[in-house]
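Asks: File structure_28.cif below, mmCIF, C-alpha atoms:
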data_my_file
#
loop_
_atom_site.group_PDB
_atom_site.id
_atom_site.type_symbol
_atom_site.label_atom_id
_atom_site.label_comp_id
_atom_site.auth_asym_id
_atom_site.auth_seq_id
_atom_site.Cartn_x
_atom_site.Cartn_y
_atom_site.Cartn_z
ATOM 1 C CA MET A 1 -22.962 -23.160 -13.543
ATOM 2 C CA PRO A 2 -23.064 -23.941 -9.792
ATOM 3 C CA PHE A 3 -24.939 -21.400 -7.700
ATOM 4 C CA SER A 4 -25.914 -21.182 -4.024
ATOM 5 C CA ASP A 5 -26.361 -18.719 -1.181
ATOM 6 C CA GLU A 6 -23.131 -19.982 0.352
ATOM 7 C CA MET A 7 -21.193 -19.194 -2.830
ATOM 8 C CA ILE A 8 -22.669 -15.682 -2.941
ATOM 9 C CA LYS A 9 -21.634 -15.134 0.700
ATOM 10 C CA ARG A 10 -18.075 -16.232 -0.079
ATOM 11 C CA VAL A 11 -17.864 -13.881 -3.053
ATOM 12 C CA ALA A 12 -19.281 -11.012 -0.956
ATOM 13 C CA GLU A 13 -16.692 -11.651 1.770
ATOM 14 C CA ALA A 14 -13.906 -11.697 -0.810
ATOM 15 C CA TYR A 15 -15.132 -8.402 -2.240
ATOM 16 C CA ARG A 16 -15.203 -6.837 1.246
ATOM 17 C CA LYS A 17 -11.580 -7.868 1.803
ATOM 18 C CA ILE A 18 -10.493 -6.107 -1.390
ATOM 19 C CA ARG A 19 -12.622 -3.046 -0.689
ATOM 20 C CA ASN A 20 -11.385 -2.755 2.919
ATOM 21 C CA THR A 21 -7.796 -2.985 1.671
ATOM 22 C CA CYS A 22 -8.473 -0.037 -0.627
ATOM 23 C CA ARG A 23 -10.071 1.902 2.246
ATOM 24 C CA TYR A 24 -6.962 1.359 4.390
ATOM 25 C CA LEU A 25 -4.720 2.559 1.573
ATOM 26 C CA LEU A 26 -6.778 5.682 0.887
ATOM 27 C CA SER A 27 -7.242 6.598 4.553
ATOM 28 C CA ASN A 28 -3.482 6.527 5.155
ATOM 29 C CA LEU A 29 -2.576 8.599 2.097
ATOM 30 C CA TYR A 30 -4.741 11.647 2.876
ATOM 31 C CA ASP A 31 -1.671 13.837 3.596
ATOM 32 C CA PHE A 32 0.733 12.250 1.090
ATOM 33 C CA ASP A 33 1.859 13.983 -2.086
ATOM 34 C CA ALA A 34 3.965 11.613 -4.173
ATOM 35 C CA GLY A 35 5.811 14.467 -5.884
ATOM 36 C CA ARG A 36 6.755 16.048 -2.564
ATOM 37 C CA ASP A 37 6.833 13.289 0.054
ATOM 38 C CA ALA A 38 7.949 10.087 -1.697
ATOM 39 C CA VAL A 39 11.072 8.413 -0.311
ATOM 40 C CA ALA A 40 13.686 7.092 -2.752
ATOM 41 C CA GLU A 41 13.641 3.298 -3.006
ATOM 42 C CA GLY A 42 17.162 2.975 -1.607
ATOM 43 C CA ASP A 43 16.108 4.934 1.499
ATOM 44 C CA LEU A 44 12.976 2.918 2.291
ATOM 45 C CA GLU A 45 12.691 1.068 5.580
ATOM 46 C CA GLU A 46 13.712 -2.566 5.225
ATOM 47 C CA ILE A 47 10.208 -3.980 5.654
ATOM 48 C CA ASP A 48 8.959 -1.511 3.039
ATOM 49 C CA ARG A 49 11.588 -2.734 0.574
ATOM 50 C CA TYR A 50 10.387 -6.284 1.185
ATOM 51 C CA ALA A 51 6.755 -5.262 0.684
ATOM 52 C CA LEU A 52 7.652 -3.508 -2.572
ATOM 53 C CA ALA A 53 9.597 -6.533 -3.846
ATOM 54 C CA TYR A 54 6.688 -8.851 -3.009
ATOM 55 C CA HIS A 55 4.290 -6.420 -4.697
ATOM 56 C CA ARG A 56 6.351 -6.495 -7.874
ATOM 57 C CA GLN A 57 6.100 -10.287 -7.836
ATOM 58 C CA LEU A 58 2.327 -10.009 -7.589
ATOM 59 C CA VAL A 59 2.144 -7.534 -10.490
ATOM 60 C CA ALA A 60 4.125 -9.947 -12.675
ATOM 61 C CA ARG A 61 1.890 -12.899 -11.714
ATOM 62 C CA LEU A 62 -1.296 -10.956 -12.403
ATOM 63 C CA ARG A 63 -0.014 -9.730 -15.754
ATOM 64 C CA ASP A 64 0.753 -13.336 -16.693
ATOM 65 C CA VAL A 65 -2.660 -14.738 -15.737
ATOM 66 C CA TYR A 66 -4.448 -11.878 -17.497
ATOM 67 C CA GLU A 67 -2.491 -12.649 -20.669
ATOM 68 C CA ARG A 68 -3.636 -16.288 -20.397
ATOM 69 C CA PHE A 69 -7.263 -15.179 -19.732
ATOM 70 C CA GLU A 70 -7.278 -17.168 -16.474
ATOM 71 C CA PHE A 71 -9.622 -14.826 -14.647
ATOM 72 C CA HIS A 72 -10.296 -17.252 -11.802
ATOM 73 C CA LEU A 73 -6.601 -16.937 -10.905
ATOM 74 C CA VAL A 74 -6.876 -13.141 -11.024
ATOM 75 C CA TYR A 75 -9.601 -13.445 -8.384
ATOM 76 C CA HIS A 76 -7.543 -15.761 -6.171
ATOM 77 C CA GLU A 77 -4.371 -13.669 -6.475
ATOM 78 C CA LEU A 78 -6.175 -10.416 -5.608
ATOM 79 C CA VAL A 79 -8.056 -11.855 -2.628
ATOM 80 C CA GLY A 80 -5.013 -13.661 -1.252
ATOM 81 C CA TYR A 81 -2.822 -10.580 -1.577
ATOM 82 C CA CYS A 82 -5.337 -8.256 0.084
ATOM 83 C CA ALA A 83 -6.383 -10.613 2.867
ATOM 84 C CA ALA A 84 -3.091 -12.273 3.797
ATOM 85 C CA GLU A 85 -0.020 -10.373 2.652
ATOM 86 C CA LEU A 86 -1.484 -6.895 3.156
ATOM 87 C CA SER A 87 -4.342 -6.728 5.665
ATOM 88 C CA SER A 88 -3.232 -9.332 8.203
ATOM 89 C CA SER A 89 0.509 -8.821 7.819
ATOM 90 C CA TYR A 90 2.067 -5.681 6.322
ATOM 91 C CA PHE A 91 -0.760 -3.305 7.250
ATOM 92 C CA ASP A 92 -0.792 -4.559 10.840
ATOM 93 C CA VAL A 93 2.907 -3.802 11.243
ATOM 94 C CA LEU A 94 2.537 -0.358 9.647
ATOM 95 C CA LYS A 95 -0.176 0.921 11.983
ATOM 96 C CA ASP A 96 2.265 1.997 14.683
ATOM 97 C CA ARG A 97 4.390 3.967 12.224
ATOM 98 C CA LEU A 98 1.468 5.514 10.366
ATOM 99 C CA TYR A 99 -0.527 6.543 13.437
ATOM 100 C CA CYS A 100 2.170 7.342 16.012
ATOM 101 C CA GLU A 101 5.272 8.680 14.256
ATOM 102 C CA ALA A 102 5.505 12.386 13.430
ATOM 103 C CA ALA A 103 3.375 13.125 10.352
ATOM 104 C CA SER A 104 6.274 14.121 8.105
ATOM 105 C CA SER A 105 8.906 11.749 9.522
ATOM 106 C CA ARG A 106 10.956 9.731 7.054
ATOM 107 C CA ARG A 107 9.767 6.427 8.562
ATOM 108 C CA ARG A 108 6.114 7.363 8.055
ATOM 109 C CA ARG A 109 6.755 8.715 4.562
ATOM 110 C CA SER A 110 8.594 5.486 3.721
ATOM 111 C CA ALA A 111 5.467 3.486 4.546
ATOM 112 C CA GLN A 112 3.249 5.885 2.600
ATOM 113 C CA THR A 113 5.519 5.678 -0.446
ATOM 114 C CA VAL A 114 4.923 1.930 -0.718
ATOM 115 C CA LEU A 115 1.203 2.273 0.075
ATOM 116 C CA TRP A 116 0.911 4.813 -2.747
ATOM 117 C CA ARG A 117 2.579 2.425 -5.175
ATOM 118 C CA ILE A 118 0.322 -0.455 -4.101
ATOM 119 C CA LEU A 119 -2.799 1.712 -4.486
ATOM 120 C CA GLN A 120 -1.838 2.891 -7.967
ATOM 121 C CA ASP A 121 -1.089 -0.624 -9.204
ATOM 122 C CA LEU A 122 -3.923 -2.424 -7.411
ATOM 123 C CA SER A 123 -6.651 -0.120 -8.741
ATOM 124 C CA ARG A 124 -5.451 -0.728 -12.317
ATOM 125 C CA LEU A 125 -4.995 -4.478 -11.908
ATOM 126 C CA MET A 126 -8.475 -5.025 -10.489
ATOM 127 C CA ALA A 127 -10.194 -2.752 -13.050
ATOM 128 C CA PRO A 128 -11.212 -5.531 -15.494
ATOM 129 C CA VAL A 129 -12.911 -7.621 -12.781
ATOM 130 C CA LEU A 130 -14.107 -4.868 -10.397
ATOM 131 C CA PRO A 131 -14.678 -1.954 -12.791
ATOM 132 C CA PHE A 132 -16.801 0.285 -10.568
ATOM 133 C CA THR A 133 -14.790 -0.149 -7.360
ATOM 134 C CA ALA A 134 -11.500 0.292 -9.230
ATOM 135 C CA ASP A 135 -12.748 3.523 -10.780
ATOM 136 C CA GLU A 136 -13.969 4.856 -7.418
ATOM 137 C CA VAL A 137 -10.572 4.172 -5.854
ATOM 138 C CA TRP A 138 -8.635 5.644 -8.776
ATOM 139 C CA ARG A 139 -10.621 8.883 -8.839
ATOM 140 C CA GLU A 140 -9.872 9.507 -5.155
ATOM 141 C CA ARG A 141 -6.182 10.058 -5.900
ATOM 142 C CA SER A 142 -5.778 10.411 -9.684
ATOM 143 C CA PRO A 143 -7.503 12.388 -12.444
ATOM 144 C CA GLY A 144 -9.676 10.757 -15.073
ATOM 145 C CA SER A 145 -10.866 7.168 -15.185
ATOM 146 C CA VAL A 146 -8.857 4.082 -14.362
ATOM 147 C CA HIS A 147 -10.178 2.561 -17.591
ATOM 148 C CA ALA A 148 -8.180 5.122 -19.560
ATOM 149 C CA ALA A 149 -4.990 3.962 -17.807
ATOM 150 C CA VAL A 150 -2.826 0.942 -18.619
ATOM 151 C CA PHE A 151 -1.641 -1.947 -16.486
ATOM 152 C CA PRO A 152 1.516 -1.347 -14.426
ATOM 153 C CA PRO A 153 4.588 -2.757 -16.151
ATOM 154 C CA LYS A 154 6.430 -5.840 -15.007
ATOM 155 C CA GLU A 155 9.510 -4.869 -13.024
ATOM 156 C CA GLN A 156 12.403 -6.888 -11.714
ATOM 157 C CA TRP A 157 12.025 -7.508 -7.997
ATOM 158 C CA ASP A 158 14.771 -8.048 -5.467
ATOM 159 C CA GLU A 159 14.705 -11.830 -5.091
ATOM 160 C CA ALA A 160 17.351 -11.760 -2.362
ATOM 161 C CA VAL A 161 15.205 -9.488 -0.164
ATOM 162 C CA VAL A 162 12.132 -11.716 -0.577
ATOM 163 C CA ALA A 163 14.074 -14.931 0.104
ATOM 164 C CA ASP A 164 15.849 -13.436 3.128
ATOM 165 C CA TRP A 165 12.651 -12.152 4.732
ATOM 166 C CA GLN A 166 10.657 -15.305 4.134
ATOM 167 C CA SER A 167 13.405 -17.577 5.481
ATOM 168 C CA THR A 168 14.331 -15.542 8.569
ATOM 169 C CA LEU A 169 12.285 -12.613 9.866
ATOM 170 C CA LEU A 170 8.862 -13.888 8.827
ATOM 171 C CA ARG A 171 9.563 -17.367 10.203
ATOM 172 C CA VAL A 172 10.566 -15.903 13.553
ATOM 173 C CA ARG A 173 7.458 -13.720 13.545
ATOM 174 C CA GLU A 174 5.310 -16.804 12.918
ATOM 175 C CA ALA A 175 6.894 -18.513 15.937
ATOM 176 C CA VAL A 176 6.363 -15.394 18.072
ATOM 177 C CA TYR A 177 2.699 -15.154 17.033
ATOM 178 C CA LYS A 178 2.151 -18.780 18.039
ATOM 179 C CA LYS A 179 3.557 -18.112 21.518
ATOM 180 C CA LEU A 180 1.516 -14.913 21.826
ATOM 181 C CA GLU A 181 -1.657 -16.881 21.099
ATOM 182 C CA GLU A 182 -0.728 -19.365 23.813
ATOM 183 C CA ALA A 183 -0.110 -16.468 26.230
ATOM 184 C CA ARG A 184 -3.529 -15.002 25.397
ATOM 185 C CA ALA A 185 -5.199 -18.377 25.886
ATOM 186 C CA SER A 186 -3.595 -18.695 29.341
ATOM 187 C CA ARG A 187 -4.630 -15.081 30.114
ATOM 188 C CA LEU A 188 -1.039 -13.999 30.691
ATOM 189 C CA ILE A 189 -1.679 -11.116 28.302
ATOM 190 C CA GLY A 190 -4.623 -9.550 26.530
ATOM 191 C CA SER A 191 -3.234 -7.711 23.524
ATOM 192 C CA GLY A 192 0.181 -8.270 21.993
ATOM 193 C CA LEU A 193 1.367 -4.879 23.223
ATOM 194 C CA GLU A 194 1.120 -6.155 26.796
ATOM 195 C CA ALA A 195 3.897 -8.629 25.985
ATOM 196 C CA ALA A 196 7.675 -8.666 26.177
ATOM 197 C CA VAL A 197 9.265 -11.341 23.995
ATOM 198 C CA ALA A 198 12.613 -13.089 24.456
ATOM 199 C CA VAL A 199 13.881 -14.802 21.294
ATOM 200 C CA THR A 200 16.685 -17.355 21.515
ATOM 201 C CA ALA A 201 18.315 -18.251 18.194
ATOM 202 C CA PRO A 202 21.536 -19.704 16.749
ATOM 203 C CA ALA A 203 24.242 -17.127 16.050
ATOM 204 C CA PRO A 204 23.539 -16.516 12.310
ATOM 205 C CA LEU A 205 19.815 -15.965 12.866
ATOM 206 C CA ARG A 206 20.398 -13.884 15.975
ATOM 207 C CA GLU A 207 22.809 -11.620 14.075
ATOM 208 C CA ARG A 208 20.209 -11.190 11.316
ATOM 209 C CA LEU A 209 17.647 -10.152 13.908
ATOM 210 C CA ARG A 210 20.176 -7.786 15.508
ATOM 211 C CA ARG A 211 20.861 -6.091 12.166
ATOM 212 C CA TYR A 212 17.178 -5.534 11.605
ATOM 213 C CA GLU A 213 16.746 -4.176 15.121
ATOM 214 C CA ALA A 214 19.741 -1.849 14.771
ATOM 215 C CA SER A 215 18.327 -0.244 11.617
ATOM 216 C CA GLY A 216 15.386 1.253 13.492
ATOM 217 C CA PRO A 217 14.757 3.665 16.370
ATOM 218 C CA PRO A 218 15.676 2.666 19.949
ATOM 219 C CA PHE A 219 12.046 2.543 21.100
ATOM 220 C CA PRO A 220 9.961 0.537 20.640
ATOM 221 C CA GLY A 221 12.371 -0.969 18.066
ATOM 222 C CA ASN A 222 12.039 -2.625 14.674
ATOM 223 C CA LEU A 223 11.503 -6.116 16.083
ATOM 224 C CA ALA A 224 8.848 -4.909 18.528
ATOM 225 C CA ASN A 225 7.054 -3.254 15.604
ATOM 226 C CA LEU A 226 7.357 -6.409 13.490
ATOM 227 C CA PHE A 227 5.979 -8.663 16.240
ATOM 228 C CA ILE A 228 3.532 -5.976 17.511
ATOM 229 C CA VAL A 229 4.755 -6.248 21.098
ATOM 230 C CA SER A 230 6.307 -3.734 23.503
ATOM 231 C CA ARG A 231 9.771 -5.219 23.983
ATOM 232 C CA VAL A 232 12.056 -7.784 22.321
ATOM 233 C CA GLU A 233 15.234 -9.282 23.772
ATOM 234 C CA LEU A 234 17.642 -11.535 21.862
ATOM 235 C CA ALA A 235 19.848 -14.345 23.145
ATOM 236 C CA GLU A 236 22.021 -16.984 21.491
ATOM 237 C CA GLY A 237 21.164 -20.648 21.790
ATOM 238 C CA ALA A 238 21.532 -23.884 19.864
ATOM 239 C CA GLU A 239 17.786 -24.165 19.198
ATOM 240 C CA PRO A 240 15.354 -21.361 18.313
ATOM 241 C CA SER A 241 12.807 -20.632 21.030
ATOM 242 C CA VAL A 242 10.424 -17.873 22.103
ATOM 243 C CA ARG A 243 9.386 -16.885 25.622
ATOM 244 C CA VAL A 244 6.565 -14.438 26.397
ATOM 245 C CA SER A 245 6.187 -12.410 29.587
ATOM 246 C CA ARG A 246 4.327 -9.305 30.710
ATOM 247 C CA ALA A 247 5.927 -6.109 29.416
ATOM 248 C CA PRO A 248 7.338 -3.930 32.213
ATOM 249 C CA GLY A 249 6.224 -0.352 32.738
ATOM 250 C CA ALA A 250 2.933 1.368 32.032
ATOM 251 C CA LYS A 251 0.754 1.739 28.957
ATOM 252 C CA CYS A 252 1.374 4.802 26.781
ATOM 253 C CA GLU A 253 -1.867 6.738 26.369
ATOM 254 C CA ARG A 254 -1.001 7.620 22.780
ATOM 255 C CA CYS A 255 0.414 4.460 21.146
ATOM 256 C CA TRP A 256 -0.557 1.834 23.786
ATOM 257 C CA THR A 257 3.010 0.500 23.941
ATOM 258 C CA TYR A 258 4.272 -0.352 27.439
ATOM 259 C CA SER A 259 7.351 1.557 28.636
ATOM 260 C CA GLU A 260 9.123 2.032 31.944
ATOM 261 C CA ASN A 261 9.469 5.727 31.096
ATOM 262 C CA VAL A 262 5.737 6.429 31.130
ATOM 263 C CA GLY A 263 5.172 8.935 33.956
ATOM 264 C CA ARG A 264 8.773 10.187 33.994
ATOM 265 C CA LEU A 265 8.806 12.501 30.970
ATOM 266 C CA ARG A 266 7.596 15.995 30.137
ATOM 267 C CA HIS A 267 4.307 14.500 28.962
ATOM 268 C CA PRO A 268 3.702 12.054 31.812
ATOM 269 C CA GLY A 269 1.118 9.829 30.130
ATOM 270 C CA VAL A 270 3.233 8.802 27.133
ATOM 271 C CA CYS A 271 6.336 6.801 26.195
ATOM 272 C CA GLU A 272 9.659 8.253 25.089
ATOM 273 C CA ARG A 273 8.826 8.044 21.366
ATOM 274 C CA CYS A 274 5.487 9.805 21.740
ATOM 275 C CA ASP A 275 7.018 12.413 24.079
ATOM 276 C CA GLN A 276 9.438 13.412 21.316
ATOM 277 C CA VAL A 277 6.642 13.553 18.726
ATOM 278 C CA LEU A 278 4.495 15.767 20.964
ATOM 279 C CA ALA A 279 7.483 18.016 21.724
ATOM 280 C CA SER A 280 8.119 18.485 17.997
ATOM 281 C CA LEU A 281 4.476 19.510 17.491
ATOM 282 C CA GLU A 282 4.685 22.052 20.298
ATOM 283 C CA ALA A 283 7.886 23.522 18.850
ATOM 284 C CA ARG A 284 6.188 24.482 15.585
#
As structure tokens, please, write out the structure in this file.
Replies:
Amino acid sequence: MPFSDEMIKRVAEAYRKIRNTCRYLLSNLYDFDAGRDAVAEGDLEEIDRYALAYHRQLVARLRDVYERFEFHLVYHELVGYCAAELSSSYFDVLKDRLYCEAASSRRRRSAQTVLWRILQDLSRLMAPVLPFTADEVWRERSPGSVHAAVFPPKEQWDEAVVADWQSTLLRVREAVYKKLEEARASRLIGSGLEAAVAVTAPAPLRERLRRYEASGPPFPGNLANLFIVSRVELAEGAEPSVRVSRAPGAKCERCWTYSENVGRLRHPGVCERCDQVLASLEAR
């Protein structure tokens, strides 16, 4: 069997990715009670419905490779899911909602509902190959040992949601990220939240982006959350294109989003979203 220090380092890095994913899940579920706080699937935010559909795909794939005893594919599926689909994509988008929305808001609870489901399934699915870590994670939120539990069942996922997201919203986000990297390289911006993005797209794609934007709050907006910027504007054009500029306004001290209303509200150092959250805390 091949063996080298380099191979051990790669395995250690893969393990850290899985463990850090579990840490993120646990740290953002500290105030979540599934029996009390869970949001019904039909009421989840759109990106959360996509994440749940993709997760169900993963569960089905892992069940299949376990049944074929292809444990090397279990390893690749787990690492790829934790490193790419979760840590560098879904989790990044969720941070604003989890850290900055009101603690008991429906949008935050929607995110936590899907995180709870991922944690429950992931700890069981990794138990045969990471028995000690899986048991540690399971015991943080559930009684008994994970090794007394059974694998999550295969469930039908919403194929239309997955296909729609991967062919529209995620492709646009990829194009936006490329332009943001170019803007960072030219020192136009530092972080993504310093940016305002203008997206030009043909009418069908623009209308899809508008629908997604309209389903969220007015500030900073669903598209701004998805792209992790401070402002997004849409325009119709024959060819898709993305333009990046400096976001107007000042930096919110609480969420770091740039807004022209910073300094004009009851709490002068924050944006309009954070001002409302702070006002709701004071009213308790």
Asks: For range 42-53 of chain A, find every residue with an atom within 10 Å (counting all atoms listed in the file), except residues of its own chain fewer than 3 positions away, and show them as an mmCIF file with C-alpha atoms, in the coordinates of the input.
Replies:
data_model
loop_
_atom_site.group_PDB
_atom_site.id
_atom_site.type_symbol
_atom_site.label_atom_id
_atom_site.label_comp_id
_atom_site.auth_asym_id
_atom_site.auth_seq_id
_atom_site.Cartn_x
_atom_site.Cartn_y
_atom_site.Cartn_z
ATOM 1 C CA ALA A 38 7.949 10.087 -1.697
ATOM 2 C CA VAL A 39 11.072 8.413 -0.311
ATOM 3 C CA ARG A 56 6.351 -6.495 -7.874
ATOM 4 C CA GLN A 57 6.100 -10.287 -7.836
ATOM 5 C CA LEU A 58 2.327 -10.009 -7.589
ATOM 6 C CA GLU A 85 -0.020 -10.373 2.652
ATOM 7 C CA LEU A 86 -1.484 -6.895 3.156
ATOM 8 C CA TYR A 90 2.067 -5.681 6.322
ATOM 9 C CA VAL A 93 2.907 -3.802 11.243
ATOM 10 C CA LEU A 94 2.537 -0.358 9.647
ATOM 11 C CA ARG A 106 10.956 9.731 7.054
ATOM 12 C CA ARG A 107 9.767 6.427 8.562
ATOM 13 C CA ARG A 108 6.114 7.363 8.055
ATOM 14 C CA ARG A 109 6.755 8.715 4.562
ATOM 15 C CA SER A 110 8.594 5.486 3.721
ATOM 16 C CA ALA A 111 5.467 3.486 4.546
ATOM 17 C CA GLN A 112 3.249 5.885 2.600
ATOM 18 C CA THR A 113 5.519 5.678 -0.446
ATOM 19 C CA VAL A 114 4.923 1.930 -0.718
ATOM 20 C CA LEU A 115 1.203 2.273 0.075
ATOM 21 C CA ARG A 117 2.579 2.425 -5.175
ATOM 22 C CA ILE A 118 0.322 -0.455 -4.101
ATOM 23 C CA GLU A 155 9.510 -4.869 -13.024
ATOM 24 C CA GLN A 156 12.403 -6.888 -11.714
ATOM 25 C CA TRP A 157 12.025 -7.508 -7.997
ATOM 26 C CA ASP A 158 14.771 -8.048 -5.467
ATOM 27 C CA GLU A 159 14.705 -11.830 -5.091
ATOM 28 C CA ALA A 160 17.351 -11.760 -2.362
ATOM 29 C CA VAL A 161 15.205 -9.488 -0.164
ATOM 30 C CA VAL A 162 12.132 -11.716 -0.577
ATOM 31 C CA ALA A 163 14.074 -14.931 0.104
ATOM 32 C CA ASP A 164 15.849 -13.436 3.128
ATOM 33 C CA TRP A 165 12.651 -12.152 4.732
ATOM 34 C CA GLN A 166 10.657 -15.305 4.134
ATOM 35 C CA LEU A 169 12.285 -12.613 9.866
ATOM 36 C CA TYR A 212 17.178 -5.534 11.605
ATOM 37 C CA SER A 215 18.327 -0.244 11.617
ATOM 38 C CA GLY A 216 15.386 1.253 13.492
ATOM 39 C CA ASN A 222 12.039 -2.625 14.674
ATOM 40 C CA LEU A 226 7.357 -6.409 13.490
#
Asks: For a quick check of understanding, using all atoms listed in the file, which of A:Tyr15, A:Trp256, A:Phe132, A:Trp138 has the smallest distance to Val79 in chain A?
Replies: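 Among A:Tyr15, A:Trp256, A:Phe132, A:Trp138, it is A:Tyr15 that comes nearest to Val79 in chain A.
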Asks: Got a sec to resolve the PyMOL selection byres ((chain A and resi 235-245) around 7) on this structure and send the residues as a list in words?
Replies: Val176, Lys179, Leu180, Ala183, Ala195, Ala196, Val197, Ala198, Val199, Thr200, Ala201, Pro202, Ala203, Arg206, Glu233, Leu234, Arg246 and Ala247 of chain A
Asks: What does the distance between CA of Arg68 in chain A and CA of Gln120 in chain A come to in Å, to one decimal place?
Replies: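 CA of Gln120 in chain A lies 22.9 Å from CA of Arg68 in chain A.
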Asks: Could you list, as a list of chain:residue names, every residue matched by the PyMOL selection byres ((chain A and resi 102) around 9) in this structure?
Replies: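 For this structure, the PyMOL selection byres ((chain A and resi 102) around 9) captures A:Arg97, A:Leu98, A:Tyr99, A:Cys100, A:Glu101, A:Ala103, A:Ser104, A:Ser105, A:Arg106, A:Arg107, A:Arg108, A:Cys274, A:Gln276, A:Val277, A:Leu278, A:Ser280, A:Leu281.
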Asks: Name every residue that the PyMOL selection byres ((chain A and resi 64) around 12) selects in this structure, writing the answer as a ChimeraX atom specification with chains first and numbers rising.
Replies: /A:57-63,65-71,73-74,77,125,151,153-154
Asks: Box for range 217-234 of chain A: with edges along x, y and z, all listed atoms inside and 3 Å added on each side, what are the centre and edge lengths in Å to one decimal, as JSON?
Replies:
{"center_x": 10.6, "center_y": -3.9, "center_z": 18.7, "size_x": 20.1, "size_y": 21.2, "size_z": 16.5}
Asks: Could you please determine the separation between CA of Ile228 in chain A and CA of Asn20 in chain A in Å, to one decimal place?
Replies: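 Going from CA of Ile228 in chain A over to CA of Asn20 in chain A, I get 21.1 Å.
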Asks: By how many Å are CA of Pro220 in chain A and CA of Leu29 in chain A apart?
Replies: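 About the pair CA of Pro220 in chain A and CA of Leu29 in chain A: they are 23.8 Å apart.
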Asks: Given the point (6.8, -1.0, 24.0) in the coordinates of this file, which residues lie within 7 Å, counting only C-alpha atoms, and how would they look as an NGL selection string?
Replies: :A and (193 or 219-220 or 229-231 or 257-259)
Asks: Tell me which protein, DNA and RNA residues are within 12 Å of Ala14 in chain A, counting all atoms listed in the file, leaving out same-chain ones fewer than 2 positions away, and put them as a PDB file with C-alpha atoms, in the coordinates of the input.
Replies:
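Output contents, as saved in part-v5.pdb:
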ATOM      1  CA  MET A   7     -21.193 -19.194  -2.830  1.00  0.00           C
ATOM      2  CA  ILE A   8     -22.669 -15.682  -2.941  1.00  0.00           C
ATOM      3  CA  LYS A   9     -21.634 -15.134   0.700  1.00  0.00           C
ATOM      4  CA  ARG A  10     -18.075 -16.232  -0.079  1.00  0.00           C
ATOM      5  CA  VAL A  11     -17.864 -13.881  -3.053  1.00  0.00           C
ATOM      6  CA  ALA A  12     -19.281 -11.012  -0.956  1.00  0.00           C
ATOM      7  CA  ARG A  16     -15.203  -6.837   1.246  1.00  0.00           C
ATOM      8  CA  LYS A  17     -11.580  -7.868   1.803  1.00  0.00           C
ATOM      9  CA  ILE A  18     -10.493  -6.107  -1.390  1.00  0.00           C
ATOM     10  CA  ARG A  19     -12.622  -3.046  -0.689  1.00  0.00           C
ATOM     11  CA  ASN A  20     -11.385  -2.755   2.919  1.00  0.00           C
ATOM     12  CA  THR A  21      -7.796  -2.985   1.671  1.00  0.00           C
ATOM     13  CA  TYR A  75      -9.601 -13.445  -8.384  1.00  0.00           C
ATOM     14  CA  HIS A  76      -7.543 -15.761  -6.171  1.00  0.00           C
ATOM     15  CA  GLU A  77      -4.371 -13.669  -6.475  1.00  0.00           C
ATOM     16  CA  LEU A  78      -6.175 -10.416  -5.608  1.00  0.00           C
ATOM     17  CA  VAL A  79      -8.056 -11.855  -2.628  1.00  0.00           C
ATOM     18  CA  GLY A  80      -5.013 -13.661  -1.252  1.00  0.00           C
ATOM     19  CA  TYR A  81      -2.822 -10.580  -1.577  1.00  0.00           C
ATOM     20  CA  CYS A  82      -5.337  -8.256   0.084  1.00  0.00           C
ATOM     21  CA  ALA A  83      -6.383 -10.613   2.867  1.00  0.00           C
ATOM     22  CA  ALA A  84      -3.091 -12.273   3.797  1.00  0.00           C
ATOM     23  CA  LEU A 130     -14.107  -4.868 -10.397  1.00  0.00           C
TER      24      LEU A 130
END
Asks: If we count only C-alpha atoms and set the cut-off at 8 Å, which residues sit around Glu140 in chain A, ignoring sequence neighbours fewer than 3 positions away in its own chain? Please answer as a count of residues only.
Replies: 3
Asks: From the list A:Thr168, A:Ser4, A:Arg173, A:Ser88, which residue is nearest Pro204 in chain A when using only C-alpha atoms?
Replies: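 Looking only at the distances to Pro204 in chain A, the closest residue turns out to be A:Thr168.
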Asks: My list of candidates is A:Asp275, A:Asp135, A:Asp5, A:Glu41. Which is closest to Ser123 in chain A when distances are computed with all atoms listed in the file?
Replies: A:Asp135
Asks: Closest to Pro217 in chain A among A:Ser27, A:Arg273, A:Glu13, A:Gly35, using all atoms listed in the file?
Replies: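 Among the listed residues, the smallest separation from Pro217 in chain A belongs to A:Arg273.
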Asks: Taking all atoms listed in the file into account, name the residue in A:Gly190, A:Glu181, A:Asp96, A:Ala283 that is nearest to Ala224 in chain A.
Replies: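 Nearest candidate to Ala224 in chain A out of A:Gly190, A:Glu181, A:Asp96, A:Ala283: A:Asp96.
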Asks: Could you tell me which of A:Ala40, A:Cys22, A:Leu188, A:Val172 comes closest to Ala134 in chain A if we count all atoms listed in the file?
Replies: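 That would be A:Cys22, the residue with the smallest distance to Ala134 in chain A.
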